[in-house]
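Trainee: Provided below: run10.csv, containing CSV, C-alpha atoms.
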chain,number,residue,atom,x,y,z
U,16,ASN,CA,0.0,0.0,0.0
U,17,ALA,CA,1.2,3.5,-0.9
U,18,GLY,CA,-1.1,5.1,1.6
U,19,VAL,CA,-2.0,8.7,0.8
U,20,THR,CA,-0.1,10.1,-2.2
U,21,GLN,CA,0.0,13.9,-2.8
U,22,THR,CA,1.4,15.6,-5.9
U,23,PRO,CA,3.1,17.9,-6.5
U,24,LYS,CA,5.3,18.2,-3.4
U,25,PHE,CA,6.2,21.8,-4.2
U,26,GLN,CA,4.5,24.4,-6.4
U,27,VAL,CA,5.0,28.1,-7.1
U,28,LEU,CA,2.0,30.0,-8.6
U,29,LYS,CA,1.5,33.5,-9.8
U,30,THR,CA,-1.5,35.4,-8.4
U,31,GLY,CA,-4.6,34.6,-10.5
U,32,GLN,CA,-3.3,31.3,-11.8
U,33,SER,CA,-5.2,28.1,-11.3
U,34,MET,CA,-4.0,24.6,-10.4
U,35,THR,CA,-5.1,21.3,-8.9
U,36,LEU,CA,-3.5,19.5,-6.0
U,37,GLN,CA,-3.8,15.8,-6.4
U,38,CYS,CA,-4.6,13.3,-3.7
U,39,ALA,CA,-5.0,9.6,-4.0
U,40,GLN,CA,-5.3,6.8,-1.5
U,41,ASP,CA,-5.3,3.0,-2.0
U,42,MET,CA,-6.8,1.9,1.3
U,43,ASN,CA,-10.4,2.0,0.1
U,44,HIS,CA,-11.2,4.7,2.7
U,45,GLU,CA,-14.5,6.4,2.4
U,46,TYR,CA,-13.6,9.6,4.2
U,47,MET,CA,-11.1,12.0,2.7
U,48,SER,CA,-10.2,15.6,3.7
U,49,TRP,CA,-8.0,18.5,2.8
U,50,TYR,CA,-6.2,20.6,5.4
U,51,ARG,CA,-4.0,23.6,5.2
U,52,GLN,CA,-1.2,24.3,7.7
U,53,ASP,CA,0.0,27.8,8.4
U,54,PRO,CA,2.6,28.8,11.0
U,55,GLY,CA,1.0,29.1,14.4
U,56,MET,CA,-2.4,28.0,13.1
U,57,GLY,CA,-2.3,24.3,13.3
U,58,LEU,CA,-4.2,22.4,10.6
U,59,ARG,CA,-7.5,23.8,9.4
U,60,LEU,CA,-10.1,21.8,7.5
U,61,ILE,CA,-10.8,23.1,3.9
U,62,HIS,CA,-13.1,20.5,2.4
U,63,TYR,CA,-14.0,16.9,3.1
U,64,SER,CA,-15.8,14.0,1.5
U,65,VAL,CA,-17.6,11.1,3.1
U,66,GLY,CA,-17.7,9.1,-0.1
U,67,ALA,CA,-17.7,9.2,-3.8
U,68,GLY,CA,-20.0,11.9,-5.1
U,69,ILE,CA,-20.3,13.6,-1.7
U,70,THR,CA,-18.3,16.7,-0.6
U,71,ASP,CA,-18.8,19.3,2.1
U,72,GLN,CA,-17.1,22.5,3.4
U,73,GLY,CA,-14.8,22.7,6.3
U,74,GLU,CA,-13.6,25.7,8.3
U,75,VAL,CA,-11.8,27.6,5.5
U,76,PRO,CA,-13.4,26.6,2.1
U,77,ASN,CA,-13.3,29.9,0.3
U,78,GLY,CA,-11.1,29.9,-2.8
U,79,TYR,CA,-11.1,26.1,-3.1
U,80,ASN,CA,-13.2,23.6,-5.0
U,81,VAL,CA,-13.2,19.8,-4.6
U,82,SER,CA,-14.8,16.8,-6.3
U,83,ARG,CA,-15.0,13.1,-5.5
U,84,SER,CA,-15.7,11.1,-8.6
U,85,THR,CA,-14.0,8.0,-7.3
U,86,THR,CA,-13.2,6.5,-3.9
U,87,GLU,CA,-9.5,6.8,-4.5
U,88,ASP,CA,-9.1,10.4,-5.6
U,89,PHE,CA,-9.9,13.7,-4.0
U,90,PRO,CA,-8.4,16.7,-5.9
U,91,LEU,CA,-8.3,20.2,-4.6
U,92,ARG,CA,-8.6,23.0,-7.1
U,93,LEU,CA,-7.5,26.6,-6.7
U,94,LEU,CA,-9.4,28.6,-9.3
U,95,SER,CA,-7.6,31.9,-8.9
U,96,ALA,CA,-4.6,31.7,-6.6
U,97,ALA,CA,-4.0,34.5,-4.0
U,98,PRO,CA,-1.0,35.1,-1.8
U,99,SER,CA,-3.2,34.3,1.2
U,100,GLN,CA,-3.3,30.7,-0.1
U,101,THR,CA,0.4,30.3,0.4
U,102,SER,CA,0.5,27.3,2.8
U,103,VAL,CA,1.3,23.6,3.2
U,104,TYR,CA,-1.6,21.5,2.1
U,105,PHE,CA,-2.3,18.0,3.5
U,106,CYS,CA,-4.7,15.4,2.3
U,107,ALA,CA,-5.9,12.8,4.8
U,108,SER,CA,-8.1,9.7,4.5
U,109,SER,CA,-9.9,7.5,7.1
U,110,TYR,CA,-12.3,4.6,7.2
U,111,SER,CA,-14.5,6.7,9.4
U,112,ILE,CA,-15.7,10.3,9.5
U,113,GLY,CA,-15.0,10.5,13.2
U,114,GLY,CA,-11.2,10.8,12.6
U,115,TYR,CA,-10.5,7.2,13.5
U,116,GLY,CA,-7.5,5.9,11.7
U,117,TYR,CA,-6.6,9.1,9.9
U,118,THR,CA,-3.7,8.8,7.5
U,119,PHE,CA,-2.0,11.9,6.1
U,120,GLY,CA,-0.1,12.5,2.9
U,121,SER,CA,3.3,14.1,2.9
U,122,GLY,CA,2.0,17.5,1.9
U,123,THR,CA,2.2,20.0,-0.9
U,124,ARG,CA,4.0,23.2,-0.2
U,125,LEU,CA,2.4,26.0,-2.2
U,126,THR,CA,3.7,29.5,-2.7
U,127,VAL,CA,1.7,32.2,-4.4
U,128,VAL,CA,3.6,35.2,-5.5
G,48,GLY,CA,-16.1,28.8,18.5
G,49,GLU,CA,-14.8,25.5,19.7
G,50,ASN,CA,-11.1,25.1,19.7
G,51,VAL,CA,-8.2,23.0,20.9
G,52,GLY,CA,-5.2,24.8,22.3
G,53,LEU,CA,-1.8,24.0,23.7
G,54,HIS,CA,-0.3,25.6,26.8
G,55,LEU,CA,3.3,25.6,25.6
G,56,PRO,CA,4.4,26.3,22.1
G,57,THR,CA,8.0,25.0,22.7
G,58,LEU,CA,9.2,22.4,25.1
G,59,SER,CA,12.9,21.7,25.5
G,60,VAL,CA,14.0,18.5,27.4
G,61,GLN,CA,17.2,16.6,28.0
G,62,GLU,CA,17.6,13.2,26.3
G,63,GLY,CA,16.5,10.5,28.7
G,64,ASP,CA,14.1,12.7,30.6
G,65,ASN,CA,10.3,12.4,30.4
G,66,SER,CA,8.3,14.9,28.4
G,67,ILE,CA,4.8,16.1,29.1
G,68,ILE,CA,2.9,18.0,26.4
G,69,ASN,CA,-0.4,19.5,27.4
G,70,CYS,CA,-3.6,20.4,25.5
G,71,ALA,CA,-6.8,22.1,26.5
G,72,TYR,CA,-10.1,21.6,24.7
G,73,SER,CA,-13.3,23.4,25.0
G,74,ASN,CA,-16.0,21.2,23.5
G,75,SER,CA,-17.4,19.0,26.2
G,76,ALA,CA,-19.2,17.0,23.5
G,77,SER,CA,-15.9,15.7,22.0
G,78,ASP,CA,-15.6,12.0,22.4
G,79,TYR,CA,-12.4,11.1,20.7
G,80,PHE,CA,-8.9,12.6,21.0
G,81,ILE,CA,-5.7,11.9,19.0
G,82,TRP,CA,-2.1,12.9,19.4
G,83,TYR,CA,-0.1,13.4,16.2
G,84,LYS,CA,3.7,13.8,15.7
G,85,GLN,CA,4.9,15.9,12.7
G,86,GLU,CA,8.5,15.8,11.7
G,87,SER,CA,9.9,18.6,9.5
G,88,GLY,CA,8.7,18.3,5.9
G,89,LYS,CA,6.4,15.4,6.7
G,90,GLY,CA,2.7,14.9,7.3
G,91,PRO,CA,1.3,14.3,10.8
G,92,GLN,CA,1.7,10.8,12.0
G,93,PHE,CA,-0.7,9.1,14.4
G,94,ILE,CA,0.8,8.4,17.9
G,95,ILE,CA,-2.0,7.5,20.2
G,96,ASP,CA,-5.7,8.1,20.7
G,97,ILE,CA,-8.2,7.9,23.5
G,98,ARG,CA,-11.9,7.9,23.8
G,99,SER,CA,-13.9,9.9,26.3
G,100,ASN,CA,-14.9,6.8,28.3
G,101,MET,CA,-11.3,6.4,29.3
G,102,ASP,CA,-8.9,8.5,31.3
G,103,LYS,CA,-5.6,6.9,30.5
G,104,ARG,CA,-4.2,4.9,27.6
G,105,GLN,CA,-0.7,3.6,27.2
G,106,GLY,CA,1.4,2.8,24.2
G,107,GLN,CA,5.1,2.1,23.6
G,108,ARG,CA,6.8,4.9,25.7
G,109,VAL,CA,3.8,7.1,25.3
G,110,THR,CA,0.8,7.7,27.6
G,111,VAL,CA,-2.2,9.9,27.0
G,112,LEU,CA,-4.2,11.2,29.9
G,113,LEU,CA,-7.7,12.7,29.6
G,114,ASN,CA,-9.2,14.8,32.3
G,115,LYS,CA,-12.8,15.5,31.3
G,116,THR,CA,-13.5,17.6,34.4
G,117,VAL,CA,-11.1,20.3,33.4
G,118,LYS,CA,-11.1,19.4,29.7
G,119,HIS,CA,-7.4,18.7,29.6
G,120,LEU,CA,-5.4,16.2,27.5
G,121,SER,CA,-1.7,15.4,27.9
G,122,LEU,CA,0.9,13.3,26.2
G,123,GLN,CA,3.7,11.8,28.2
G,124,ILE,CA,6.8,10.5,26.5
G,125,ALA,CA,9.1,8.4,28.6
G,126,ALA,CA,12.9,8.4,28.2
G,127,THR,CA,12.7,11.1,25.5
G,128,GLN,CA,15.1,10.5,22.6
G,129,PRO,CA,16.5,12.8,19.9
G,130,GLY,CA,14.2,11.1,17.4
G,131,ASP,CA,11.2,12.4,19.4
G,132,SER,CA,12.0,15.9,18.3
G,133,ALA,CA,9.0,17.1,16.3
G,134,VAL,CA,5.9,19.2,16.6
G,135,TYR,CA,3.1,17.4,18.5
G,136,PHE,CA,-0.6,18.2,17.8
G,137,CYS,CA,-3.6,17.2,19.8
G,138,ALA,CA,-6.9,16.9,17.9
G,139,GLU,CA,-10.5,16.3,19.0
G,140,ASN,CA,-13.4,14.9,17.3
G,141,SER,CA,-15.9,17.7,17.6
G,142,GLY,CA,-18.8,15.6,18.6
G,143,ALA,CA,-21.8,17.0,16.7
G,144,THR,CA,-20.0,17.7,13.5
G,145,ASN,CA,-17.8,14.6,13.5
G,146,LYS,CA,-14.9,16.7,12.2
G,147,LEU,CA,-11.4,16.5,13.6
G,148,ILE,CA,-10.2,19.9,15.0
G,149,PHE,CA,-6.5,20.4,15.6
G,150,GLY,CA,-4.6,22.4,18.1
G,151,THR,CA,-1.8,24.8,17.1
G,152,GLY,CA,1.0,22.4,18.0
G,153,THR,CA,3.9,22.2,20.5
G,154,LEU,CA,7.5,21.9,19.3
G,155,LEU,CA,9.5,19.3,21.3
G,156,ALA,CA,13.2,19.9,21.2
G,157,VAL,CA,15.3,17.1,22.7
G,158,GLN,CA,18.8,18.2,23.8
G,159,PRO,CA,21.5,15.5,23.6
Let me see the file written as structure tokens.
Mentor:
Amino acid sequence: NAGVTQTPKFQVLKTGQSMTLQCAQDMNHEYMSWYRQDPGMGLRLIHYSVGAGITDQGEVPNGYNVSRSTTEDFPLRLLSAAPSQTSVYFCASSYSIGGYGYTFGSGTRLTVV
Amino acid sequence: GENVGLHLPTLSVQEGDNSIINCAYSNSASDYFIWYKQESGKGPQFIIDIRSNMDKRQGQRVTVLLNKTVKHLSLQIAATQPGDSAVYFCAENSGATNKLIFGTGTLLAVQP
């Protein structure tokens, strides 16, 4: 098992550009989520999904879109990048919505200039 | 709003000593708590968890204590090693929403 795989590991964007952060898991987990991590802020939930075809907003959803067409994949889209979106992004998956058995990816470090 | 916070942003200990990392939570409805370890450049890694019907749980060199009366969670690391140097996060399942809410983290620095 590869676990949770995130790509790319690093990305630099110009303000206004769009991009998609990829997340894939091979553990057949129903629950997947995206977090952003900023210095001194801990991890904040952006969006989550409880299964294919179902997504919902977390604490800080503005500026981000997600979709869940398959159980394995949960991409995060930035439609028009802003400097405030400079952060480290983590994808996580779990067999339960309650946080049990969370597995995190290694993160994507995004810089918006 | 509901939040999970840590008392100490940085904890420095000597190799071989015991470490105690503290965490306060405010949502009395939370029923599940997790400690994560995050090394530089990596994602958070599960250490140990505890449900609200317990007040203590032990793992290998780690113990989590839960005091629901004062809404306090702690992580104890026995015989701290240089490899334990990392940022430690507590997280709580926020009960009604079933979402995991993270604290801001504590940096544990182990001095050789």
Trainee: Which one is closest to chain G: U:Asn16, U:Thr101, U:Gln52, U:Ser82? Count all atoms listed in the file.
Mentor: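 The answer is U:Gln52, which sits nearest to chain G.
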Trainee: For chain U, work out the contacting residues on chain G at 7 Å, counting all atoms listed in the file, and write them as a list in words.
Mentor: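 Written out as asked, the residues are Lys89, Gly90, Pro91, Asn140, Asn145, Lys146, Leu147, Phe149, Gly150, Thr151 and Gly152 of chain G.
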Trainee: With all atoms listed in the file as the counted atoms, please give the residues lying no more than 12 Å from Thr153 (chain G), apart from itself and same-chain residues fewer than 3 positions off, as a ChimeraX atom specification.
Mentor: /U:54-57 /G:52-59,66-70,82-86,121-122,132-137,149-150,156
Trainee: Counting all atoms listed in the file, which residue out of G:Ser141, G:Thr127, G:Ser99, G:Ser87 sits closest to Lys115 (chain G)?
Mentor: G:Ser99
Trainee: Counting only C-alpha atoms, which residue out of U:Phe25, U:Ala17, U:Leu93, U:Asn80 sits closest to Gly88 (chain G)?
Mentor: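 Of all the options, U:Phe25 lies closest to Gly88 (chain G).
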Trainee: Can you tell me, as a ChimeraX atom specification, what residues are no more than 6 Å from Arg83 (chain U) when counting all atoms listed in the file, ignoring any on the same chain fewer than 4 positions away?
Mentor: /U:67-68,89
Trainee: Would you write out those residues with C-alpha atoms, as a JSON list (two decimals), in the frame of the given file?
Mentor:
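Once everything was written out, this is selection-v9.json:
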[["chain", "number", "residue", "atom", "x", "y", "z"],
["U", 67, "ALA", "CA", -17.70, 9.20, -3.80],
["U", 68, "GLY", "CA", -20.00, 11.90, -5.10],
["U", 89, "PHE", "CA", -9.90, 13.70, -4.00]]
Trainee: Separation of CA of Asn74 (chain G) and CA of Val111 (chain G), in Å?
Mentor: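 About the pair CA of Asn74 (chain G) and CA of Val111 (chain G): they are 18.2 Å apart.
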Trainee: State, in Å with one decimal place, the distance from CA of Gln26 (chain U) to CA of Gln72 (chain U).
Mentor: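 We find that CA of Gln26 (chain U) and CA of Gln72 (chain U) lie 23.8 Å from each other.
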Trainee: Suppose you want the space between CA of Ser99 (chain U) and CA of Cys38 (chain U); what is it in Å?
Mentor: 21.6 Å
